[in-house]
Every structure is written in C-alpha cells, then in structure tokens.
file entry07.pdb (PDB, C-alpha atoms)
ATOM      1  CA  MET A 709      56.057  78.379 102.828
ATOM      2  CA  SER A 710      57.636  81.512 104.290
ATOM      3  CA  THR A 711      59.149  81.453 107.739
ATOM      4  CA  ALA A 712      57.062  83.475 110.201
ATOM      5  CA  VAL A 713      59.147  85.838 112.313
ATOM      6  CA  GLN A 714      58.783  87.860 115.479
ATOM      7  CA  THR A 715      60.759  90.970 116.378
ATOM      8  CA  THR A 716      61.924  92.621 119.585
ATOM      9  CA  PRO A 717      64.071  95.742 120.054
ATOM     10  CA  TYR A 718      67.827  95.235 119.984
ATOM     11  CA  GLY A 719      70.138  97.860 121.421
ATOM     12  CA  THR A 720      69.399 101.469 122.278
ATOM     13  CA  GLY A 721      68.170 102.643 118.894
ATOM     14  CA  SER A 722      65.776 101.205 116.331
ATOM     15  CA  GLY A 723      67.639  97.928 115.668
ATOM     16  CA  LEU A 724      65.649  94.706 115.831
ATOM     17  CA  LEU A 725      66.249  91.136 116.942
ATOM     18  CA  VAL A 726      64.427  88.839 114.497
ATOM     19  CA  GLN A 727      63.575  85.301 115.617
ATOM     20  CA  PRO A 728      61.413  82.516 114.174
ATOM     21  CA  ALA A 729      57.739  82.476 115.194
ATOM     22  CA  GLY A 730      57.183  79.025 113.734
ATOM     23  CA  PRO A 731      58.837  76.362 111.587
ATOM     24  CA  GLY A 732      61.143  77.267 108.729
ATOM     25  CA  GLY A 733      64.685  78.413 108.237
ATOM     26  CA  LEU A 734      66.653  81.530 107.394
ATOM     27  CA  ASP A 735      66.351  80.889 103.665
ATOM     28  CA  ALA A 736      62.529  80.950 103.833
ATOM     29  CA  ILE A 737      62.156  84.420 105.374
ATOM     30  CA  ASP A 738      59.980  86.574 103.114
ATOM     31  CA  PRO A 739      62.358  88.985 101.298
ATOM     32  CA  LYS A 740      59.884  91.875 101.220
ATOM     33  CA  GLU A 741      59.173  91.515 104.939
ATOM     34  CA  LEU A 742      62.902  91.527 105.629
ATOM     35  CA  ARG A 743      63.466  94.663 103.540
ATOM     36  CA  ASP A 744      60.506  96.404 105.213
ATOM     37  CA  LEU A 745      61.890  95.596 108.658
ATOM     38  CA  LEU A 746      65.335  96.811 107.609
ATOM     39  CA  ALA A 747      63.932 100.106 106.310
ATOM     40  CA  GLN A 748      62.480 100.670 109.770
ATOM     41  CA  ALA A 749      65.351  99.403 111.895
ATOM     42  CA  GLY A 750      68.604 100.077 110.023
ATOM     43  CA  PHE A 751      70.025  96.729 111.139
ATOM     44  CA  LEU A 752      68.586  93.300 111.973
ATOM     45  CA  LEU A 753      70.127  90.508 114.047
ATOM     46  CA  LEU A 754      68.644  87.170 112.917
ATOM     47  CA  ARG A 755      68.819  84.505 115.629
ATOM     48  CA  GLY A 756      67.473  81.008 116.231
ATOM     49  CA  PHE A 757      66.983  79.918 112.616
ATOM     50  CA  GLY A 758      69.512  77.076 112.711
ATOM     51  CA  ALA A 759      71.375  78.807 109.913
ATOM     52  CA  ASP A 760      74.190  77.367 107.826
ATOM     53  CA  MET A 761      76.117  78.743 104.877
ATOM     54  CA  ASP A 762      73.645  77.429 102.304
ATOM     55  CA  ALA A 763      70.682  79.065 104.056
ATOM     56  CA  PHE A 764      72.613  82.328 104.499
ATOM     57  CA  THR A 765      73.589  82.370 100.822
ATOM     58  CA  ALA A 766      69.990  81.709  99.776
ATOM     59  CA  LEU A 767      68.682  84.537 101.990
ATOM     60  CA  VAL A 768      71.153  87.018 100.506
ATOM     61  CA  GLN A 769      70.254  85.971  96.954
ATOM     62  CA  ASN A 770      66.503  85.945  97.620
ATOM     63  CA  THR A 771      66.584  89.451  99.104
ATOM     64  CA  SER A 772      68.932  91.085  96.600
ATOM     65  CA  THR A 773      69.045  91.951  92.922
ATOM     66  CA  SER A 774      72.811  91.394  92.712
ATOM     67  CA  THR A 775      75.887  90.930  94.880
ATOM     68  CA  THR A 776      79.287  92.575  94.993
ATOM     69  CA  LEU A 777      82.500  91.958  96.929
ATOM     70  CA  ASP A 778      85.610  93.144  98.685
ATOM     71  CA  PRO A 779      88.255  92.319  96.045
ATOM     72  CA  ALA A 780      90.882  91.594  98.708
ATOM     73  CA  ARG A 781      88.888  88.697 100.224
ATOM     74  CA  ASP A 782      88.327  85.129  99.068
ATOM     75  CA  PHE A 783      84.900  83.614  98.424
ATOM     76  CA  TYR A 784      83.531  80.755 100.532
ATOM     77  CA  SER A 785      80.164  80.480  98.728
ATOM     78  CA  GLU A 786      78.552  82.237  95.782
ATOM     79  CA  VAL A 787      78.171  85.391  97.888
ATOM     80  CA  ALA A 788      80.087  84.996 101.164
ATOM     81  CA  GLN A 789      83.627  86.108 101.959
ATOM     82  CA  LYS A 790      85.468  85.408 105.198
ATOM     83  CA  VAL A 791      85.952  88.410 107.450
ATOM     84  CA  ASP A 792      89.698  88.851 107.963
ATOM     85  CA  ALA A 793      91.040  92.221 109.056
ATOM     86  CA  GLY A 794      93.679  91.425 111.636
ATOM     87  CA  PHE A 795      93.077  91.497 115.392
ATOM     88  CA  ASP A 796      92.887  95.219 116.196
ATOM     89  CA  GLU A 797      89.687  97.197 116.621
ATOM     90  CA  VAL A 798      88.177  98.210 113.278
ATOM     91  CA  GLY A 799      86.813 101.750 112.947
ATOM     92  CA  LEU A 800      83.295 102.560 111.833
ATOM     93  CA  HIS A 801      82.706 102.545 108.094
ATOM     94  CA  THR A 802      80.310 101.524 105.362
ATOM     95  CA  GLU A 803      81.413  98.624 103.145
ATOM     96  CA  ASN A 804      83.166  99.986 100.040
ATOM     97  CA  GLY A 805      82.082 103.400 101.301
ATOM     98  CA  ASN A 806      85.342 105.072 100.284
ATOM     99  CA  SER A 807      84.817 103.962  96.682
ATOM    100  CA  PRO A 808      82.065 104.507  94.095
ATOM    101  CA  PHE A 809      80.914 100.891  94.536
ATOM    102  CA  ARG A 810      79.260 101.014  97.976
ATOM    103  CA  SER A 811      76.679  98.257  98.340
ATOM    104  CA  HIS A 812      73.140  98.835  99.586
ATOM    105  CA  LEU A 813      73.279  96.039 102.163
ATOM    106  CA  ALA A 814      76.018  94.434 104.257
ATOM    107  CA  TRP A 815      75.383  90.902 105.534
ATOM    108  CA  PHE A 816      77.118  88.802 108.192
ATOM    109  CA  PHE A 817      76.926  85.122 109.152
ATOM    110  CA  CYS A 818      78.515  83.910 112.387
ATOM    111  CA  GLU A 819      79.408  80.257 112.004
ATOM    112  CA  LYS A 820      81.387  80.217 115.268
ATOM    113  CA  ALA A 821      81.248  83.016 117.823
ATOM    114  CA  ALA A 822      84.231  84.141 119.886
ATOM    115  CA  SER A 823      84.067  83.395 123.606
ATOM    116  CA  THR A 824      85.048  86.986 124.470
ATOM    117  CA  GLY A 825      85.241  90.319 122.651
ATOM    118  CA  SER A 826      85.317  90.542 118.840
ATOM    119  CA  GLN A 827      81.795  91.962 118.594
ATOM    120  CA  THR A 828      80.704  93.642 115.385
ATOM    121  CA  THR A 829      79.764  97.248 116.117
ATOM    122  CA  VAL A 830      76.953  99.247 114.527
ATOM    123  CA  CYS A 831      76.202 102.969 114.561
ATOM    124  CA  ASP A 832      73.038 104.431 113.033
ATOM    125  CA  GLY A 833      73.847 107.403 110.811
ATOM    126  CA  TYR A 834      70.403 108.912 111.444
ATOM    127  CA  ARG A 835      71.198 109.158 115.149
ATOM    128  CA  VAL A 836      74.682 110.518 114.463
ATOM    129  CA  TRP A 837      73.421 113.274 112.166
ATOM    130  CA  ASP A 838      70.826 114.340 114.740
ATOM    131  CA  ALA A 839      73.429 114.332 117.553
ATOM    132  CA  LEU A 840      76.092 116.391 115.785
ATOM    133  CA  SER A 841      76.315 120.082 116.596
ATOM    134  CA  ASP A 842      74.776 122.663 114.290
ATOM    135  CA  GLN A 843      78.298 123.752 113.344
ATOM    136  CA  ALA A 844      79.315 120.218 112.368
ATOM    137  CA  ARG A 845      76.178 119.624 110.317
ATOM    138  CA  THR A 846      76.718 122.954 108.554
ATOM    139  CA  ALA A 847      80.329 122.052 107.725
ATOM    140  CA  PHE A 848      79.410 118.639 106.288
ATOM    141  CA  ALA A 849      76.362 119.967 104.426
ATOM    142  CA  ALA A 850      78.321 122.805 102.830
ATOM    143  CA  GLN A 851      80.424 120.531 100.618
ATOM    144  CA  ASP A 852      81.104 116.912  99.775
ATOM    145  CA  ILE A 853      84.057 114.859 100.942
ATOM    146  CA  VAL A 854      86.539 113.225  98.564
ATOM    147  CA  TYR A 855      88.338 109.895  99.002
ATOM    148  CA  SER A 856      91.364 109.185  96.828
ATOM    149  CA  ARG A 857      93.842 106.290  96.745
ATOM    150  CA  TYR A 858      95.736 103.748  94.679
ATOM    151  CA  VAL A 859      94.292 100.263  93.985
ATOM    152  CA  ALA A 860      96.501  97.452  92.710
ATOM    153  CA  GLU A 861      95.709  95.692  89.443
ATOM    154  CA  PRO A 862      94.513  92.357  90.912
ATOM    155  CA  GLN A 863      92.042  94.178  93.160
ATOM    156  CA  TRP A 864      90.436  96.410  90.550
ATOM    157  CA  ARG A 865      90.248  93.455  88.135
ATOM    158  CA  ALA A 866      88.453  91.334  90.764
ATOM    159  CA  MET A 867      85.954  94.127  91.401
ATOM    160  CA  ALA A 868      85.326  94.733  87.692
ATOM    161  CA  HIS A 869      84.944  90.998  87.066
ATOM    162  CA  HIS A 870      82.158  90.841  89.628
ATOM    163  CA  LEU A 871      80.470  94.094  88.578
ATOM    164  CA  LEU A 872      80.375  92.827  84.978
ATOM    165  CA  GLY A 873      78.416  89.791  86.122
ATOM    166  CA  ARG A 874      81.422  87.436  85.999
ATOM    167  CA  THR A 875      80.874  87.142  82.252
ATOM    168  CA  LYS A 876      84.535  87.678  81.419
ATOM    169  CA  PRO A 877      87.738  86.364  83.054
ATOM    170  CA  ALA A 878      89.329  88.969  85.291
ATOM    171  CA  ASP A 879      92.652  88.848  83.454
ATOM    172  CA  GLN A 880      90.910  89.733  80.165
ATOM    173  CA  ILE A 881      89.162  92.847  81.450
ATOM    174  CA  GLN A 882      90.532  96.084  80.036
ATOM    175  CA  VAL A 883      91.000  99.177  82.154
ATOM    176  CA  SER A 884      88.650 100.926  79.706
ATOM    177  CA  GLU A 885      85.851  98.677  80.976
ATOM    178  CA  LEU A 886      86.512  99.800  84.539
ATOM    179  CA  LEU A 887      86.530 103.397  83.332
ATOM    180  CA  ALA A 888      83.171 102.799  81.633
ATOM    181  CA  LEU A 889      81.721 101.429  84.871
ATOM    182  CA  ALA A 890      83.011 104.431  86.812
ATOM    183  CA  GLY A 891      81.696 106.783  84.134
ATOM    184  CA  GLN A 892      78.179 105.807  85.142
ATOM    185  CA  LEU A 893      78.839 106.994  88.687
ATOM    186  CA  PRO A 894      78.839 110.742  89.444
ATOM    187  CA  GLY A 895      81.839 112.186  91.243
ATOM    188  CA  THR A 896      84.283 109.462  90.201
ATOM    189  CA  GLU A 897      87.624 109.869  88.431
ATOM    190  CA  ILE A 898      89.965 106.938  87.692
ATOM    191  CA  THR A 899      93.502 107.344  86.368
ATOM    192  CA  PRO A 900      95.423 104.272  85.079
ATOM    193  CA  GLN A 901      98.950 103.885  86.477
ATOM    194  CA  ASP A 902     102.068 102.592  84.719
ATOM    195  CA  ASP A 903     102.198  99.440  86.879
ATOM    196  CA  GLY A 904      98.676  98.345  85.890
ATOM    197  CA  GLY A 905      97.015  99.685  89.020
ATOM    198  CA  VAL A 906      94.693 102.662  89.136
ATOM    199  CA  ARG A 907      94.352 105.763  91.248
ATOM    200  CA  TYR A 908      90.850 107.011  91.857
ATOM    201  CA  SER A 909      89.042 109.882  93.528
ATOM    202  CA  PHE A 910      85.444 109.628  94.661
ATOM    203  CA  ARG A 911      83.322 112.592  95.712
ATOM    204  CA  THR A 912      80.258 111.985  97.884
ATOM    205  CA  PRO A 913      78.278 113.617 100.717
ATOM    206  CA  ALA A 914      79.293 112.741 104.273
ATOM    207  CA  ALA A 915      75.576 112.597 105.056
ATOM    208  CA  GLY A 916      73.131 111.683 102.331
ATOM    209  CA  PRO A 917      69.929 109.820 101.523
ATOM    210  CA  THR A 918      69.634 106.086 102.087
ATOM    211  CA  VAL A 919      68.397 103.378  99.760
ATOM    212  CA  PHE A 920      65.078 103.505 101.606
ATOM    213  CA  ALA A 921      64.527 107.220 102.330
ATOM    214  CA  THR A 922      65.633 110.785 101.633
ATOM    215  CA  ARG A 923      66.360 111.604 105.279
ATOM    216  CA  PRO A 924      70.108 112.415 105.605
ATOM    217  CA  SER A 925      72.225 109.796 107.329
ATOM    218  CA  PHE A 926      75.820 110.289 108.449
ATOM    219  CA  ALA A 927      77.034 107.003 106.970
ATOM    220  CA  ASN A 928      80.534 107.129 105.514
ATOM    221  CA  SER A 929      84.072 105.782 105.889
ATOM    222  CA  ILE A 930      85.783 108.825 107.393
ATOM    223  CA  LEU A 931      86.793 106.773 110.450
ATOM    224  CA  GLY A 932      87.151 103.480 108.627
ATOM    225  CA  PRO A 933      90.021 101.033 108.192
ATOM    226  CA  SER A 934      92.333 100.393 105.246
ATOM    227  CA  PHE A 935      93.258  96.776 105.919
ATOM    228  CA  ASN A 936      94.648  95.202 102.674
ATOM    229  CA  TYR A 937      94.648  98.615 100.942
ATOM    230  CA  GLU A 938      96.554 101.877 100.789
ATOM    231  CA  LYS A 939      95.068 104.320 103.297
ATOM    232  CA  PRO A 940      92.931 106.826 101.381
ATOM    233  CA  THR A 941      93.384 110.570 101.466
ATOM    234  CA  ILE A 942      90.168 112.185 102.709
ATOM    235  CA  THR A 943      89.485 115.885 102.154
ATOM    236  CA  PHE A 944      86.624 118.249 101.558
ATOM    237  CA  ALA A 945      85.766 118.877  97.916
ATOM    238  CA  ASP A 946      87.760 122.124  97.967
ATOM    239  CA  THR A 947      90.857 119.987  98.845
ATOM    240  CA  THR A 948      91.080 121.291 102.429
ATOM    241  CA  GLU A 949      91.648 118.766 105.212
ATOM    242  CA  LEU A 950      88.855 117.877 107.600
ATOM    243  CA  PRO A 951      89.590 120.001 110.685
ATOM    244  CA  ALA A 952      90.813 118.105 113.744
ATOM    245  CA  PRO A 953      88.063 119.535 116.030
ATOM    246  CA  LEU A 954      85.418 118.379 113.526
ATOM    247  CA  LEU A 955      86.864 114.864 113.410
ATOM    248  CA  ALA A 956      87.102 114.832 117.206
ATOM    249  CA  GLU A 957      83.388 115.623 117.446
ATOM    250  CA  VAL A 958      82.548 112.846 114.980
ATOM    251  CA  GLU A 959      84.623 110.398 117.018
ATOM    252  CA  GLU A 960      82.957 111.441 120.293
ATOM    253  CA  VAL A 961      79.406 111.287 118.939
ATOM    254  CA  THR A 962      79.842 107.991 117.114
ATOM    255  CA  ALA A 963      81.564 106.373 120.111
ATOM    256  CA  ARG A 964      78.609 107.380 122.290
ATOM    257  CA  LEU A 965      76.072 105.921 119.856
ATOM    258  CA  THR A 966      77.939 102.737 118.859
ATOM    259  CA  GLU A 967      76.291  99.437 119.800
ATOM    260  CA  ASN A 968      77.574  95.848 119.853
ATOM    261  CA  LEU A 969      76.266  92.853 117.975
ATOM    262  CA  ASP A 970      76.990  90.132 120.517
ATOM    263  CA  TRP A 971      77.316  87.083 118.290
ATOM    264  CA  GLN A 972      76.032  83.582 118.983
ATOM    265  CA  ASP A 973      76.750  80.542 116.804
ATOM    266  CA  GLY A 974      74.409  80.511 113.800
ATOM    267  CA  ASP A 975      73.476  84.207 113.978
ATOM    268  CA  ALA A 976      73.112  86.288 110.841
ATOM    269  CA  ALA A 977      72.755  90.045 110.480
ATOM    270  CA  VAL A 978      71.865  92.474 107.738
ATOM    271  CA  ILE A 979      72.750  96.170 107.809
ATOM    272  CA  ASP A 980      71.483  99.025 105.648
ATOM    273  CA  ASN A 981      74.933  99.977 104.357
ATOM    274  CA  THR A 982      73.660 103.377 103.201
ATOM    275  CA  ARG A 983      72.468 104.288 106.711
ATOM    276  CA  VAL A 984      74.352 102.336 109.386
ATOM    277  CA  MET A 985      78.121 102.214 109.806
ATOM    278  CA  HIS A 986      79.775  99.164 111.314
ATOM    279  CA  GLY A 987      83.140  98.136 112.728
ATOM    280  CA  ARG A 988      84.565  95.611 115.181
ATOM    281  CA  ARG A 989      85.872  95.452 118.716
ATOM    282  CA  ALA A 990      89.399  94.105 119.114
ATOM    283  CA  ILE A 991      89.674  90.333 118.719
ATOM    284  CA  THR A 992      90.496  88.786 122.079
ATOM    285  CA  ASP A 993      89.522  85.244 121.034
ATOM    286  CA  PRO A 994      90.688  84.404 117.481
ATOM    287  CA  ASP A 995      88.756  81.122 117.462
ATOM    288  CA  ARG A 996      85.799  82.589 115.575
ATOM    289  CA  THR A 997      84.453  82.374 112.048
ATOM    290  CA  ILE A 998      82.350  85.159 110.524
ATOM    291  CA  TYR A 999      81.450  85.653 106.871
ATOM    292  CA  ASN A1000      80.413  88.795 105.034
ATOM    293  CA  ALA A1001      78.328  89.400 101.904
ATOM    294  CA  LEU A1002      77.483  92.598 100.040
ATOM    295  CA  SER A1003      74.469  93.178  97.839
ATOM    296  CA  TYR A1004      72.232  95.619  96.023
ATOM    297  CA  ILE A1005      68.453  95.901  96.088
ATOM    298  CA  GLU A1006      65.992  97.875  94.019
ATOM    299  CA  ALA A1007      65.239 101.189  95.670
ATOM    300  CA  PRO A1008      61.524 101.467  96.592
ATOM    301  CA  ALA A1009      59.390 103.574  94.285
ATOM    302  CA  ALA A1010      59.065 107.187  95.365
TER     303      ALA A1010
END
call {"tool": "encode", "arguments": {"input": "entry07.pdb", "output": "structure tokens"}}
result
Amino acid sequence: MSTAVQTTPYGTGSGLLVQPAGPGGLDAIDPKELRDLLAQAGFLLLRGFGADMDAFTALVQNTSTSTTLDPARDFYSEVAQKVDAGFDEVGLHTENGNSPFRSHLAWFFCEKAASTGSQTTVCDGYRVWDALSDQARTAFAAQDIVYSRYVAEPQWRAMAHHLLGRTKPADQIQVSELLALAGQLPGTEITPQDDGGVRYSFRTPAAGPTVFATRPSFANSILGPSFNYEKPTITFADTTELPAPLLAEVEEVTARLTENLDWQDGDAAVIDNTRVMHGRRAITDPDRTIYNALSYIEAPAA
C-alpha cells in the first residue's frame, strides 16, 4: 500500500513540505506522485515519515531509473554518500553540473540535524532567470558557457565504473571507455593526460530546459564549489571570461532568492537538479550527519 501524503508550501517560492497523511513510510511513497509534485515544486522537503537509511535508499531506487555518484565521496548504502565538504559556506550549484554527467535529481537524508546553522540552501532557477535583467538574460542566451578542468585517475575511474553499471572493476576500465561515454554527450571533450588523469571541457547553456519542461531555468555551477577537485575554468563559448558585473548581478539575484532547508532528524529532500541549485550555510555545529544521492529518471513524454 502506498503512503498517502499531504503537502503545504515551504519557503517563498513553489517548494513543498510533504508529510504523511496516514500510515506508511518514506519507502512507500508513490514514485509517480513524488515526481509529479517535484515537477510542480522544484524541491520537496519530506518530513515525519520516520525515515532511516534503508527507507531513503528504497525511495531513491523506486523513483529513479538509475543512480550516479560524486567520485570523491564514499558510499554508505547502495545509493547514499556522506556529505563532506569542509565547514565553510558552499556556493550554489547543481550536482555534477560542471561536468557532462549532471544527474536529474539530487537527494538528501538528514540522519542527525545540527543544532545551529549548516542549513542546505536552495535557489529555483526559474525564479532566477525571471529576476535577471534583460541585459544579463541576453548575455547568457547569446552563447553557452564552458567548464574545463583536470580530474585525477581514481576519480574518473570511479565515475566510469558507476556509469557502466558497475559491471567492470574500476581499475580495469580503459580511458577509451570513458571517451566513449563522453562521446554520447554533446559539447564534451576529454583529453587523457600522461599521469593517467584526464582534462575535460564541457559546453552547456547557463539557462536551459529541465527534465520536466522546456521553460529555461538558470541552474548551473557558475558559483559552485570545487571541494576535492581542481577549481574549473569557466568561460563563455568564445573563450572570453564572464564579466565581473554580470557575475555580480548573478550573485545578488541568487542571494536574494536563496532559501534554507532547516533540517530536522529524519528529514529527506529531493531537488530537481536540472532546475534548482543548492548549497550550504557555514557549519557552526559539526555534530550532524547528512547523506546525498544522485539519480536519473525518464523524462516525461512530450
């Protein structure tokens, strides 16, 4: 039996707080209902389901066609990785958004909430795109942006291992197999390096369609972190730098529209990673445990 749910607005935008309307746990939420709510809201905070790691893992698997990962993090279940990015504030970004392997959904499970600070932040790219000036929208619509950086051998092997369905040990994967994966993705170039690492460039719109709709959303990793990785170079497609006044406007608009997910023990959240950027306030109480999962879904039929 599916868990019945009830929703109320969360935050200042279209986000929703989802709570149980009857018996049943997180793992029994109807996947289609969850996806439909997410298409409407952009992000969902799931509260009051008595969730544990097993139920969270089951919900992710039930809702998704496949999962992916951050290759610099360790797994704590079949899908979950512990969030660990230091103690400083983390800028807005989409998970794996500065690479060709951005997931459709980003999931979080709060096993133990901090007593102060440390909130996950969310910022709806629909609202950002609408709030930017005409000049900024024109600049970002005129050409794509390009991310480029070096990735060490253990990290690209871990990613390829997962993308290939974990059918082959990571240390047996050839760089040609990574190149074949990237060859299926427009705008991607990967160059093997002498030390076994790779250097890649990835071209993508700063504002583009989401997994659920064609409406442009300003959802990217222009402001994002590089914890555990080399900081990427970010330019326009014509190799020019993003002008400082343009970046300043993005920072002002996103700061104004950023909302907090105020965690409670046992909360879970799911974010449309193609529409909503997320980050984190500075950690003021390190006694917290939050897990992250990344997944893909089938895009709805047009």
call {"tool": "resolve_selection", "arguments": {"input": "entry07.pdb", "expression": "the PyMOL selection byres ((chain A and resi 831-847) around 10)", "output": "VMD selection string"}}
result
chain A and resid 721 to 723 749 to 751 800 to 801 829 to 830 848 to 852 914 to 918 923 to 928 944 950 to 951 953 to 955 957 to 958 960 to 968 979 to 987
call {"tool": "residues_near_point", "arguments": {"input": "entry07.pdb", "point": "(90.9, 94.7, 89.1)", "cutoff": "9 Å", "atoms": "all atoms listed in the file", "output": "ChimeraX atom specification"}}
result
/A:779,859-869,878-879,881,883,886,905-906
call {"tool": "axis_aligned_box", "arguments": {"input": "entry07.pdb", "around": "range 829-832 of chain A", "padding_each_side": "4 Å", "output": "lines of an AutoDock Vina configuration file"}}
result
center_x = 76.4
center_y = 100.8
center_z = 114.6
size_x = 14.7
size_y = 15.2
size_z = 11.1
call {"tool": "atom_distance", "arguments": {"input": "entry07.pdb", "atom1": "CA of Ala890 in chain A", "atom2": "CA of Phe920 in chain A"}}
result
23.3 Å
call {"tool": "resolve_selection", "arguments": {"input": "entry07.pdb", "expression": "the PyMOL selection byres ((chain A and resi 760-765) around 12)", "output": "VMD selection string"}}
result
chain A and resid 732 to 737 754 to 759 766 to 772 775 783 to 790 815 to 820 973 to 978 997 to 1003
call {"tool": "residues_near_point", "arguments": {"input": "entry07.pdb", "point": "(58.0, 89.9, 115.8)", "cutoff": "8 Å", "atoms": "only C-alpha atoms", "output": "MDAnalysis selection string"}}
result
chainID A and resid 713:716 726:727 729
call {"tool": "atom_distance", "arguments": {"input": "entry07.pdb", "atom1": "CA of Ser710 in chain A", "atom2": "CA of Leu742 in chain A"}}
result
11.4 Å
call {"tool": "residues_around", "arguments": {"input": "entry07.pdb", "residues": "Asp995 in chain A", "least_positions_apart": "6", "cutoff": "12 Å", "atoms": "all atoms listed in the file", "output": "list in words"}}
result
Phe795, Cys818, Glu819, Lys820, Ala821, Ala822, Ser823, Thr824, Gly825 and Ser826 of chain A
call {"tool": "closest_residue", "arguments": {"input": "entry07.pdb", "among": "A:Gly904, A:Pro717, A:Gly805, A:Pro728", "to": "Ile853 in chain A", "atoms": "all atoms listed in the file"}}
result
A:Gly805
call {"tool": "atom_distance", "arguments": {"input": "entry07.pdb", "atom1": "CA of Ser811 in chain A", "atom2": "CA of Val919 in chain A"}}
result
9.8 Å
call {"tool": "closest_residue", "arguments": {"input": "entry07.pdb", "among": "A:Ser884, A:Thr947, A:Asp796, A:Ala921", "to": "Asp744 in chain A", "atoms": "all atoms listed in the file"}}
result
A:Ala921
call {"tool": "closest_residue", "arguments": {"input": "entry07.pdb", "among": "A:Thr773, A:Ile930, A:Gln972, A:Thr899", "to": "Leu813 in chain A", "atoms": "only C-alpha atoms"}}
result
A:Thr773
call {"tool": "closest_residue", "arguments": {"input": "entry07.pdb", "among": "A:Phe809, A:Tyr718, A:Tyr1004, A:Phe910", "to": "Pro940 in chain A", "atoms": "all atoms listed in the file"}}
result
A:Phe910
